[in-house]
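Take a look at the structure below.
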Amino acid sequence: MSMHSSVTIPLVSFQEQQWEDYLDVLRKMKADRALLFAPLDNICRTPVKVKKSVVGDAMLEPLPRQETIDTPSLELYRVWSDLLRERIADLQALAIEPAFWLGHTIGHGGSLSAGGPAVFQQIVGPEGKEAAGCYCPLDEAFAGYIGDALAVMTESGVGLILLDDDFRLHTHKPNASVGCFCPLHLKAFQEKTGIRMEREQIIKQALQGKPNEIRRAWLEVLGESLLGFAERIERAVHAVNPATRIGLATGMTLWSNEGVDMLSLLQALAGPTKPFLRTIGAPYWAKEPSQAGWVIELTRLQQSWAGRWGIELAAEGDTFPHTRYHCSSAMLNAYQQGLITAGFPAMIHYPVVYSPPPDHEPGYVALQQEVAPYYAELSRFFPADYGDAGVMPVYRPNNFMHVAMPEDAGQGVATWPEEPVALRYLARLGIPVAYEDNEGPVLLSGYGAAGLPDEELERLLDRGAVLDASAATWLAERGIDVGIRSSAAGKAPRFESFSDEAFSGSYAGHLVWLLTPGDEIYRAFDVREGATVISRFEGNGDDERYPAVFLYENGQGRRFCVMAFDFYQARNGMQLIYNYARQEQLTRCLGWVNRAPVAVTVNGHPDVRVICRKERSGARLAIGIQNNHLDPIRNPVLRLDPNIAVGESIELLMPETSQARLSSDFEYRNDGVYGYLKIRCSIPSMGLLSVGILP
């Protein structure tokens with residue numbers, strides 16, 4: 001499995017020498033596909049058209065001028081289509097598949113918009129302000145314009161068109177963080193429901209308080225407008241060429257609160273062809289090494305959602321704005337190697353800067369050349385058909401309908417309140433995340449699983465579950481006994497005391513200073529008889545002393561570990577999650593709820609991401625230990641399920657080497673509770689140690 005399946009090439013200058021430089025990048029990257037971007041000249045400078053002379057020199061002609069540069073004329077699209085036809089021939093000669101990337105559909109706005117007068121209905125945000133350069137898909141003229149433009153680009157003969165991640169109604173900041181409330185959407189809402197409501201009335205019911213029918217109807221109106229837009233595009237493109245594929249680069253909100261099912265949207269765009277999806281979550285999101293792991297896990301989560309749909313899937317390897325001042329090549333490397341271990345099928349690289357020449361930032365291309373042999377061996381070490389082993393964080397797409405919003409959320413409501421925040425925690429605490437494991441423990445946080453049918457939810461709970469305060473609350477409201485008699489808002493504590501040696505290990509008796517303010521984070525639970533409190537929150541008064549974490553087995557034999565704080569609200573806390581005592585406690589609690597230890601964990605090190613993949617027959621385990629910290633990990637100790645047999649040798653693939661080897665340079669002991677595999681080596685910062693345990 002190769003991780004260089006497609007390369008984005010932004011065409012911002014049409015000079016022949018620069019095009020040759022782009023081709024050189026493609027050769028060095030061993031690209032399978034080139035994704036040619038609609039020229040940024042309509043934003044950055046006066047557009048230039050290239051004509052080849054009979055002697056091969058480039059002649060430059062200025063393109064026709066126009067008043068509105070956010071919406072290029074169809075004449076400009078025809079010029080670009082002609083140029084694309086020429087470039088397709090060049091790429092096909094190199095056995096590279098050409099594709100076209102439309103950087104603006106609904107519009108990005110902000111600095112990615114060139115301004116100019118609005119010619120279509122713009123998206124309207126919750127305060128009644130328009131998002132400049134972002135157009136509503138219910139505007140028939142706008143939908144027709146985009147369809148016509150893409151029909152013209154299809155005439156080039158290109159086989160794949162990718163729509164950028166501005167294909168959404170939310171997060172057009174600053175004026176439309178939530179949308180759209182334009183007259184066209186208000187009218188569509190009235191036609192659907194028979195209820196006339198102004199923008200302020202819809203916001204009050206749809207974006208505040210408990211789930212309700214107004215929210216459901218509003219989401220349906222949003223989703224139907226996006227689906228209708230997708231269908232309009234599909235008809236226009238396939239009227240020119242029925243074989244041309246139309247894919248989508250997704251944004252976060254399309255998975256959650258845009259009111260549209262992702263598979264339905266992809267199928268509407270693709271028509272009779274195979275759907276294509278570029279996931280969301282990129283290396284440039286991680287501004288420091290500790291954040292690298294959760295971006296990988298977010299991409300894997302989407303892989304688990306979409307992997308059974310039979311679509312083409314590619315990850316977002318974006319280094320925006322494409323210099324190492326903002327995203328290091330080491331961060332790109334960490335992202336790639338993490339996805340390779342998970343068997344992710346493909347990735348779109350962004351190795352060149354949009355406006356300077358392609359050699360302006362050579363670091364990303366140099367890295368790909370250097371580590372190509374390592375990636376090939378890593379792919380062999382972690383076969384794509386292996387399954388997961390670990391803890392399953394349960395998050396359901398399109399779950400905004402089930403979220404209880406704050407009553408005073410007003411117009412500043414977060415656009416995606418149900419971020420799968422547990423991925424941030426697990427990716428830093430040395431606990432493997434599993435999306436295909438049907439036997440391991442589960443973790444429920446927030447309202448990420450609230451939309452599950454009863455039968456599916458109960459099957460998950462049978463495996464044992466770790467719950468945050470919000471998940472525990474809605475489960476109790478649903479009639480499931482999780483050990484809660486009653487609850488109230490908890491006063492923010494100063495400390496957490498870890499008392500139970502069986503679940504705190506060597507950290508029993510430790511008092512951790514939390515440094516996590518905010519009363520809205522905590523719940524003071526009155527626990528049922530039979531619950532075991534294994535750590536407590538403490539402060540200066542009695543009202544600051546209440547259970548922090550407790551264990552409970554109900555009458556049906558289901559086991560729960562309840563953490564008395566909201567994971568999402570606690571995400572910016574310093575020590576509530578990220579401390580060694582919590583790492584130890586959570587590891588042991590996962591084993592207790594599931595009645596079996598997690599296959600492998602790594603404790604006592606900060607910011608270590610673990611992945612465990614297993615051969616379908618169960619014969620071989622492939623384990624990845626990714627050090628997303630600035631300090632090295634020396635002589636790592638893998639804590640194993642004691643039932644995993646460790647022979648006289650193990651397989652090791654050291655960071656960025658091209659050949660795995662058998663090694664006996666380790667120590668192993670088994671106390672019946674855990675097996676401890678100590679490997680005599682060092683994992684450098686941002687490095688990945690791969691361990692194979694043979695039958």
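Chain lettering (A, B, ...) mirrors the order of the structure tokens, residue numbering begins at 1 for each chain separately, and ligand numbering begins at 1 in order of display.
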- prompt: Which residues come within 9 Å of Gly430 of chain A, counting only C-alpha atoms, excluding same-chain residues fewer than 5 positions away, as a ChimeraX atom specification?
  reply: /A:583,587,600-611,625-626
Please produce a file of the residues just selected, as a short mmCIF file (atom, residue, chain, number, x, y, z; two decimals), in the first residue's frame, where the atoms kept are N, CA, C and O atoms.
data_model
loop_
_atom_site.label_atom_id
_atom_site.label_comp_id
_atom_site.auth_asym_id
_atom_site.auth_seq_id
_atom_site.Cartn_x
_atom_site.Cartn_y
_atom_site.Cartn_z
N GLN A 583 -3.56 8.57 33.33
CA GLN A 583 -3.17 7.60 32.31
C GLN A 583 -3.22 6.19 32.87
O GLN A 583 -3.78 5.27 32.26
N THR A 587 -6.24 3.36 31.95
CA THR A 587 -5.80 2.08 31.39
C THR A 587 -6.39 0.91 32.18
O THR A 587 -6.93 -0.05 31.61
N VAL A 600 -2.65 -3.72 24.32
CA VAL A 600 -1.35 -3.12 24.59
C VAL A 600 -1.56 -1.66 24.98
O VAL A 600 -2.39 -0.96 24.38
N THR A 601 -0.83 -1.20 25.97
CA THR A 601 -0.80 0.21 26.34
C THR A 601 0.64 0.57 26.68
O THR A 601 1.48 -0.31 26.94
N VAL A 602 0.90 1.87 26.69
CA VAL A 602 2.22 2.36 27.10
C VAL A 602 1.98 3.46 28.13
O VAL A 602 1.42 4.51 27.80
N ASN A 603 2.37 3.23 29.37
CA ASN A 603 2.15 4.17 30.44
C ASN A 603 3.46 4.82 30.88
O ASN A 603 4.55 4.31 30.61
N GLY A 604 3.32 5.94 31.58
CA GLY A 604 4.50 6.60 32.13
C GLY A 604 5.23 7.50 31.16
O GLY A 604 6.28 8.05 31.50
N HIS A 605 4.68 7.68 29.96
CA HIS A 605 5.27 8.59 28.97
C HIS A 605 4.19 9.53 28.47
O HIS A 605 3.07 9.10 28.18
N PRO A 606 4.47 10.80 28.34
CA PRO A 606 3.47 11.73 27.80
C PRO A 606 3.43 11.68 26.27
O PRO A 606 4.44 11.40 25.62
N ASP A 607 2.25 11.93 25.74
CA ASP A 607 2.07 12.14 24.31
C ASP A 607 2.59 10.98 23.47
O ASP A 607 3.32 11.16 22.49
N VAL A 608 2.20 9.79 23.86
CA VAL A 608 2.54 8.61 23.07
C VAL A 608 1.24 8.04 22.50
O VAL A 608 0.28 7.81 23.22
N ARG A 609 1.23 7.89 21.20
CA ARG A 609 0.07 7.33 20.51
C ARG A 609 0.36 5.88 20.18
O ARG A 609 1.42 5.57 19.61
N VAL A 610 -0.57 5.00 20.51
CA VAL A 610 -0.39 3.57 20.28
C VAL A 610 -1.46 3.10 19.30
O VAL A 610 -2.63 3.48 19.40
N ILE A 611 -1.06 2.29 18.35
CA ILE A 611 -2.02 1.60 17.48
C ILE A 611 -1.70 0.12 17.53
O ILE A 611 -0.52 -0.28 17.54
N ILE A 625 4.20 2.39 18.14
CA ILE A 625 4.40 3.28 19.29
C ILE A 625 4.93 4.60 18.72
O ILE A 625 6.09 4.68 18.31
N GLN A 626 4.08 5.61 18.67
CA GLN A 626 4.43 6.88 18.04
C GLN A 626 4.71 7.91 19.13
O GLN A 626 3.84 8.22 19.95
#
With a distance cut-off of 8 Å and only C-alpha atoms, select the neighbouring residues of Pro547 of chain A, excluding the residue or stretch itself and same-chain residues fewer than 2 positions from it, and output the selection as a compact mmCIF listing (two decimals) with all heavy atoms, in the first residue's frame.
# COMPACT_ATOMS: atom_id res chain seq x y z
N ALA A 524 -21.35 16.78 40.35
CA ALA A 524 -21.27 16.14 41.66
C ALA A 524 -22.33 15.04 41.70
O ALA A 524 -23.52 15.30 41.90
CB ALA A 524 -21.51 17.17 42.76
N PHE A 525 -21.91 13.81 41.48
CA PHE A 525 -22.83 12.67 41.44
C PHE A 525 -23.01 12.08 42.84
O PHE A 525 -22.04 11.89 43.58
CB PHE A 525 -22.31 11.58 40.50
CG PHE A 525 -22.36 11.93 39.05
CD1 PHE A 525 -21.20 11.91 38.28
CD2 PHE A 525 -23.56 12.25 38.43
CE1 PHE A 525 -21.24 12.21 36.92
CE2 PHE A 525 -23.61 12.57 37.08
CZ PHE A 525 -22.45 12.55 36.33
N VAL A 533 -15.80 4.34 44.55
CA VAL A 533 -15.13 5.60 44.19
C VAL A 533 -13.63 5.36 44.24
O VAL A 533 -13.08 4.97 45.29
CB VAL A 533 -15.54 6.73 45.15
CG1 VAL A 533 -14.77 8.01 44.81
CG2 VAL A 533 -17.05 6.97 45.09
N ILE A 534 -12.95 5.61 43.13
CA ILE A 534 -11.51 5.33 43.08
C ILE A 534 -10.66 6.59 43.04
O ILE A 534 -9.44 6.52 43.14
CB ILE A 534 -11.16 4.40 41.88
CG1 ILE A 534 -11.55 5.04 40.56
CG2 ILE A 534 -11.84 3.05 42.05
CD1 ILE A 534 -11.09 4.25 39.35
N SER A 535 -11.29 7.75 42.88
CA SER A 535 -10.59 9.03 43.07
C SER A 535 -11.63 10.09 43.38
O SER A 535 -12.81 9.95 43.01
CB SER A 535 -9.75 9.42 41.85
OG SER A 535 -10.56 9.62 40.71
N ARG A 536 -11.21 11.13 44.10
CA ARG A 536 -12.13 12.18 44.53
C ARG A 536 -11.59 13.56 44.16
O ARG A 536 -10.38 13.78 44.16
CB ARG A 536 -12.36 12.12 46.05
CG ARG A 536 -13.14 10.91 46.52
CD ARG A 536 -13.45 10.98 48.01
NE ARG A 536 -14.22 9.82 48.44
CZ ARG A 536 -15.54 9.72 48.34
NH1 ARG A 536 -16.23 10.74 47.86
NH2 ARG A 536 -16.16 8.62 48.75
N PHE A 537 -12.53 14.45 43.87
CA PHE A 537 -12.20 15.86 43.73
C PHE A 537 -12.21 16.50 45.11
O PHE A 537 -13.07 16.21 45.94
CB PHE A 537 -13.20 16.57 42.81
CG PHE A 537 -13.09 16.18 41.37
CD1 PHE A 537 -14.23 15.90 40.63
CD2 PHE A 537 -11.86 16.09 40.74
CE1 PHE A 537 -14.15 15.55 39.29
CE2 PHE A 537 -11.75 15.73 39.41
CZ PHE A 537 -12.90 15.46 38.68
N ARG A 545 -15.73 18.50 47.57
CA ARG A 545 -15.29 17.11 47.71
C ARG A 545 -16.42 16.20 47.23
O ARG A 545 -17.50 16.15 47.84
CB ARG A 545 -14.94 16.80 49.16
CG ARG A 545 -14.46 15.37 49.37
CD ARG A 545 -13.98 15.14 50.80
NE ARG A 545 -13.63 13.75 51.02
CZ ARG A 545 -12.48 13.18 50.68
NH1 ARG A 545 -11.55 13.92 50.10
NH2 ARG A 545 -12.24 11.90 50.92
N VAL A 549 -14.02 9.81 39.95
CA VAL A 549 -14.17 8.62 39.10
C VAL A 549 -14.72 7.49 39.97
O VAL A 549 -14.22 7.26 41.08
CB VAL A 549 -12.82 8.19 38.48
CG1 VAL A 549 -12.99 6.94 37.63
CG2 VAL A 549 -12.23 9.32 37.64
N PHE A 550 -15.75 6.84 39.49
CA PHE A 550 -16.26 5.68 40.22
C PHE A 550 -16.56 4.53 39.26
O PHE A 550 -16.80 4.74 38.06
CB PHE A 550 -17.48 6.03 41.07
CG PHE A 550 -18.73 6.37 40.30
CD1 PHE A 550 -19.64 5.38 39.91
CD2 PHE A 550 -19.03 7.69 39.98
CE1 PHE A 550 -20.80 5.69 39.22
CE2 PHE A 550 -20.19 8.01 39.29
CZ PHE A 550 -21.08 7.01 38.90
N ALA A 564 -16.52 12.14 36.37
CA ALA A 564 -17.51 13.15 36.72
C ALA A 564 -17.17 14.53 36.15
O ALA A 564 -17.22 15.54 36.84
CB ALA A 564 -17.66 13.23 38.24
- request: Could you give me, as a VMD selection string, each residue of segment 262-343 of chain A that DSSP assigns to alpha helix (DSSP H) when run on this structure's backbone?
  value: chain A and resid 262 to 270 292 to 306 329 to 341
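Residue-level DSSP output for segment 194-345 of chain A, from the backbone, shows strand (DSSP E) at Arg245, Ile246, Gly247, Leu248, Ala249, Phe276, Leu277, Arg278, Glu312, Leu313, Ala314, Ala315, Glu316 and Gly317 of chain A.
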- prompt: Any idea what's packed within 6 Å of segment 208-213 of chain A, counting only C-alpha atoms, ignoring anything in its chain fewer than 5 positions away? Could you give it as number ranges by chain?
  reply: A: 401-402, 404-407, 409
Export of the given selection (all heavy atoms) as a JSON list (two decimals), in the first residue's frame:
[["chain", "number", "residue", "atom", "x", "y", "z"],
["A", 401, "MET", "N", -28.80, 16.50, 16.03],
["A", 401, "MET", "CA", -30.21, 16.45, 16.39],
["A", 401, "MET", "C", -30.40, 16.02, 17.84],
["A", 401, "MET", "O", -31.40, 16.36, 18.48],
["A", 401, "MET", "CB", -30.93, 15.48, 15.46],
["A", 401, "MET", "CG", -32.44, 15.37, 15.68],
["A", 401, "MET", "SD", -33.27, 16.93, 15.38],
["A", 401, "MET", "CE", -33.84, 17.37, 17.01],
["A", 402, "HIS", "N", -29.44, 15.30, 18.40],
["A", 402, "HIS", "CA", -29.60, 14.70, 19.73],
["A", 402, "HIS", "C", -28.84, 15.45, 20.82],
["A", 402, "HIS", "O", -28.84, 15.02, 21.97],
["A", 402, "HIS", "CB", -29.14, 13.25, 19.69],
["A", 402, "HIS", "CG", -29.82, 12.45, 18.63],
["A", 402, "HIS", "ND1", -31.10, 11.95, 18.77],
["A", 402, "HIS", "CD2", -29.41, 12.10, 17.38],
["A", 402, "HIS", "CE1", -31.44, 11.32, 17.66],
["A", 402, "HIS", "NE2", -30.44, 11.38, 16.82],
["A", 404, "ALA", "N", -28.04, 18.25, 23.57],
["A", 404, "ALA", "CA", -28.68, 19.25, 24.43],
["A", 404, "ALA", "C", -27.78, 20.47, 24.47],
["A", 404, "ALA", "O", -26.66, 20.41, 24.99],
["A", 404, "ALA", "CB", -28.88, 18.68, 25.83],
["A", 405, "MET", "N", -28.29, 21.58, 23.92],
["A", 405, "MET", "CA", -27.51, 22.81, 23.85],
["A", 405, "MET", "C", -27.77, 23.67, 25.08],
["A", 405, "MET", "O", -28.84, 23.59, 25.69],
["A", 405, "MET", "CB", -27.89, 23.59, 22.59],
["A", 405, "MET", "CG", -27.67, 22.84, 21.29],
["A", 405, "MET", "SD", -25.92, 22.56, 20.98],
["A", 405, "MET", "CE", -25.39, 24.24, 20.68],
["A", 406, "PRO", "N", -26.82, 24.52, 25.47],
["A", 406, "PRO", "CA", -27.06, 25.44, 26.59],
["A", 406, "PRO", "C", -28.25, 26.36, 26.30],
["A", 406, "PRO", "O", -28.48, 26.76, 25.16],
["A", 406, "PRO", "CB", -25.76, 26.24, 26.67],
["A", 406, "PRO", "CG", -24.74, 25.39, 25.99],
["A", 406, "PRO", "CD", -25.46, 24.65, 24.92],
["A", 407, "GLU", "N", -29.00, 26.67, 27.33],
["A", 407, "GLU", "CA", -30.17, 27.53, 27.16],
["A", 407, "GLU", "C", -29.78, 28.96, 26.77],
["A", 407, "GLU", "O", -30.56, 29.67, 26.15],
["A", 407, "GLU", "CB", -31.01, 27.56, 28.44],
["A", 407, "GLU", "CG", -31.67, 26.23, 28.77],
["A", 407, "GLU", "CD", -32.75, 25.85, 27.78],
["A", 407, "GLU", "OE1", -33.22, 26.74, 27.04],
["A", 407, "GLU", "OE2", -33.11, 24.65, 27.72],
["A", 409, "ALA", "N", -27.15, 29.79, 24.90],
["A", 409, "ALA", "CA", -26.14, 29.73, 23.84],
["A", 409, "ALA", "C", -26.23, 30.91, 22.90],
["A", 409, "ALA", "O", -25.23, 31.41, 22.38],
["A", 409, "ALA", "CB", -26.29, 28.43, 23.05]]
Test item: residues at most 12 Å from Asp665 of chain A, only C-alpha atoms, excluding those fewer than 2 positions along its chain, as a VMD selection string: chain A and resid 635 648 to 652 661 to 663 667 to 668 677 to 681
message: If we count only C-alpha atoms and set the cut-off at 8 Å, which residues sit around Ser290 of chain A, ignoring sequence neighbours fewer than 5 positions away in its own chain? Please answer as a PyMOL selection string.
response: chain A and resi 428+607+628-629
Selection above as a file: C-alpha atoms, as an mmCIF file, in the first residue's frame:
data_model
loop_
_atom_site.group_PDB
_atom_site.id
_atom_site.type_symbol
_atom_site.label_atom_id
_atom_site.label_comp_id
_atom_site.auth_asym_id
_atom_site.auth_seq_id
_atom_site.Cartn_x
_atom_site.Cartn_y
_atom_site.Cartn_z
ATOM 1 C CA ARG A 428 -1.857 11.260 24.029
ATOM 2 C CA ASP A 607 2.069 12.142 24.307
ATOM 3 C CA ASN A 628 4.559 12.731 19.693
ATOM 4 C CA HIS A 629 6.687 14.496 22.281
#
Could you pull the residues within 7 Å of segment 353-364 of chain A, counting only C-alpha atoms, minus those fewer than 2 positions along the same chain, as a tab-separated table (two decimals) with all heavy atoms, in the first residue's frame?
chain	number	residue	atom	x	y	z
A	10	PRO	N	-1.35	23.31	-7.78
A	10	PRO	CA	-2.07	24.56	-8.06
A	10	PRO	C	-1.45	25.30	-9.24
A	10	PRO	O	-0.27	25.64	-9.22
A	10	PRO	CB	-1.88	25.35	-6.75
A	10	PRO	CG	-0.63	24.82	-6.17
A	10	PRO	CD	-0.49	23.40	-6.62
A	12	VAL	N	-0.85	28.34	-10.87
A	12	VAL	CA	-0.95	29.79	-10.66
A	12	VAL	C	-0.13	30.58	-11.68
A	12	VAL	O	-0.21	31.80	-11.73
A	12	VAL	CB	-0.50	30.17	-9.24
A	12	VAL	CG1	-1.44	29.56	-8.22
A	12	VAL	CG2	0.93	29.70	-8.97
A	18	GLN	N	7.77	26.91	-15.63
A	18	GLN	CA	7.18	26.59	-14.34
A	18	GLN	C	6.39	25.29	-14.42
A	18	GLN	O	6.37	24.50	-13.48
A	18	GLN	CB	6.29	27.74	-13.87
A	18	GLN	CG	5.82	27.57	-12.44
A	18	GLN	CD	5.61	28.89	-11.74
A	18	GLN	OE1	6.41	29.81	-11.87
A	18	GLN	NE2	4.51	28.98	-11.01
A	21	ASP	N	8.62	22.52	-13.94
A	21	ASP	CA	8.98	22.36	-12.52
A	21	ASP	C	7.89	21.58	-11.77
A	21	ASP	O	8.21	20.76	-10.90
A	21	ASP	CB	9.18	23.72	-11.87
A	21	ASP	CG	10.42	24.44	-12.38
A	21	ASP	OD1	11.30	23.75	-12.94
A	21	ASP	OD2	10.50	25.67	-12.25
A	22	TYR	N	6.64	21.84	-12.12
A	22	TYR	CA	5.55	21.07	-11.51
A	22	TYR	C	5.67	19.59	-11.87
A	22	TYR	O	5.50	18.70	-11.03
A	22	TYR	CB	4.19	21.59	-11.96
A	22	TYR	CG	3.75	22.86	-11.28
A	22	TYR	CD1	3.46	24.00	-12.01
A	22	TYR	CD2	3.61	22.92	-9.90
A	22	TYR	CE1	3.05	25.18	-11.39
A	22	TYR	CE2	3.19	24.08	-9.27
A	22	TYR	CZ	2.91	25.21	-10.02
A	22	TYR	OH	2.50	26.35	-9.41
A	321	PRO	N	-0.06	26.99	5.13
A	321	PRO	CA	0.01	27.51	3.76
A	321	PRO	C	1.24	27.07	2.99
A	321	PRO	O	1.78	27.79	2.17
A	321	PRO	CB	0.00	29.02	3.97
A	321	PRO	CG	0.70	29.21	5.27
A	321	PRO	CD	0.34	28.02	6.12
A	322	HIS	N	1.71	25.88	3.31
A	322	HIS	CA	2.67	25.15	2.48
A	322	HIS	C	4.11	25.65	2.56
A	322	HIS	O	4.85	25.59	1.59
A	322	HIS	CB	2.19	25.12	1.02
A	322	HIS	CG	0.75	24.80	0.89
A	322	HIS	ND1	-0.16	25.61	0.27
A	322	HIS	CD2	0.02	23.77	1.38
A	322	HIS	CE1	-1.37	25.10	0.36
A	322	HIS	NE2	-1.29	23.98	1.03
A	323	THR	N	4.49	26.12	3.73
A	323	THR	CA	5.91	26.29	4.03
A	323	THR	C	6.15	25.77	5.43
A	323	THR	O	5.24	25.72	6.26
A	323	THR	CB	6.39	27.76	3.94
A	323	THR	OG1	6.03	28.44	5.15
A	323	THR	CG2	5.82	28.47	2.73
A	329	SER	N	7.93	19.43	7.99
A	329	SER	CA	7.89	18.17	7.26
A	329	SER	C	7.82	17.00	8.24
A	329	SER	O	7.27	15.95	7.91
A	329	SER	CB	9.12	18.04	6.35
A	329	SER	OG	10.32	18.12	7.09
A	351	PRO	N	2.34	19.55	-1.59
A	351	PRO	CA	3.77	19.80	-1.39
A	351	PRO	C	4.27	21.14	-1.89
A	351	PRO	O	5.40	21.51	-1.60
A	351	PRO	CB	4.42	18.67	-2.18
A	351	PRO	CG	3.47	18.46	-3.32
A	351	PRO	CD	2.10	18.72	-2.77
A	366	ALA	N	11.52	16.81	-0.53
A	366	ALA	CA	12.74	16.14	-0.09
A	366	ALA	C	12.43	15.05	0.94
A	366	ALA	O	13.01	13.96	0.90
A	366	ALA	CB	13.71	17.17	0.50
A	367	LEU	N	11.51	15.33	1.85
A	367	LEU	CA	11.14	14.32	2.84
A	367	LEU	C	10.55	13.09	2.18
A	367	LEU	O	10.90	11.96	2.54
A	367	LEU	CB	10.13	14.90	3.82
A	367	LEU	CG	9.52	13.86	4.77
A	367	LEU	CD1	9.94	14.11	6.21
A	367	LEU	CD2	8.02	13.83	4.66
A	368	GLN	N	9.66	13.28	1.20
A	368	GLN	CA	9.02	12.14	0.54
A	368	GLN	C	10.04	11.26	-0.15
A	368	GLN	O	9.94	10.03	-0.11
A	368	GLN	CB	7.97	12.63	-0.46
A	368	GLN	CG	6.80	13.35	0.18
A	368	GLN	CD	6.08	12.51	1.21
A	368	GLN	OE1	5.66	11.39	0.92
A	368	GLN	NE2	5.96	13.02	2.42
query: Could you name the residues that touch Cys327 of chain A at 6 Å or less, counting only C-alpha atoms, but leaving out those on the same chain fewer than 3 positions away, as a list in words?
result: Tyr284, Thr319 and Arg324 of chain A
Just N, CA and C atoms for this one: save the residues we selected as a PDB file, in the first residue's frame.
ATOM      1  N   TYR A 284      -1.293  20.391   9.162  1.00  0.00           N
ATOM      2  CA  TYR A 284      -1.120  21.780   9.607  1.00  0.00           C
ATOM      3  C   TYR A 284      -2.002  22.124  10.803  1.00  0.00           C
ATOM      4  N   THR A 319      -0.451  20.899   4.154  1.00  0.00           N
ATOM      5  CA  THR A 319       0.560  21.592   4.957  1.00  0.00           C
ATOM      6  C   THR A 319       0.329  23.099   4.941  1.00  0.00           C
ATOM      7  N   ARG A 324       7.391  25.414   5.687  1.00  0.00           N
ATOM      8  CA  ARG A 324       7.724  24.821   6.979  1.00  0.00           C
ATOM      9  C   ARG A 324       7.740  25.847   8.111  1.00  0.00           C
TER      10      ARG A 324
END
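Checking A:Ala99, A:Met331, A:Ala282, A:Ala450 one by one against Val403 of chain A, counting only C-alpha atoms, you find the shortest gap at A:Ala450.
For the set A:Leu426, A:Met686, A:Val691, A:Leu219, the residue with the smallest atom-to-atom gap to His185 of chain A is A:Leu219, counting only C-alpha atoms.
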Would you give me, as CSV, each residue of segment 251-282 of chain A having an atom within 7 Å of an atom of segment 295-307 of chain A, along with its shortest atom pair and that distance in Å to one decimal, using only C-alpha atoms and sorting by chain and residue number?
residue,atom,partner,partner_atom,distance
A:Thr279,CA,A:Thr299,CA,6.5
A:Ile280,CA,A:Thr299,CA,6.7
A:Gly281,CA,A:Val295,CA,5.6
A:Ala282,CA,A:Val295,CA,6.6
How close does each residue of segment 249-339 of chain A get to segment 375-387 of chain A, giving the shortest atom pair and distance in Å to one decimal for every residue with an atom at most 10 Å away, counting only C-alpha atoms, sorted by chain and residue number, as JSON lines?
{"residue": "A:Asn333", "atom": "CA", "partner": "A:Tyr375", "partner_atom": "CA", "distance": 9.7}
{"residue": "A:Gln336", "atom": "CA", "partner": "A:Tyr375", "partner_atom": "CA", "distance": 8.6}
{"residue": "A:Gln337", "atom": "CA", "partner": "A:Tyr375", "partner_atom": "CA", "distance": 7.1}
{"residue": "A:Gly338", "atom": "CA", "partner": "A:Leu378", "partner_atom": "CA", "distance": 9.9}
{"residue": "A:Leu339", "atom": "CA", "partner": "A:Ser379", "partner_atom": "CA", "distance": 9.8}
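Residue nearest Asp481 of chain A within the list A:Asn579, A:Ser81, A:Gln659, A:Gln556: A:Gln556 [criterion: smallest interatomic distance, only C-alpha atoms].
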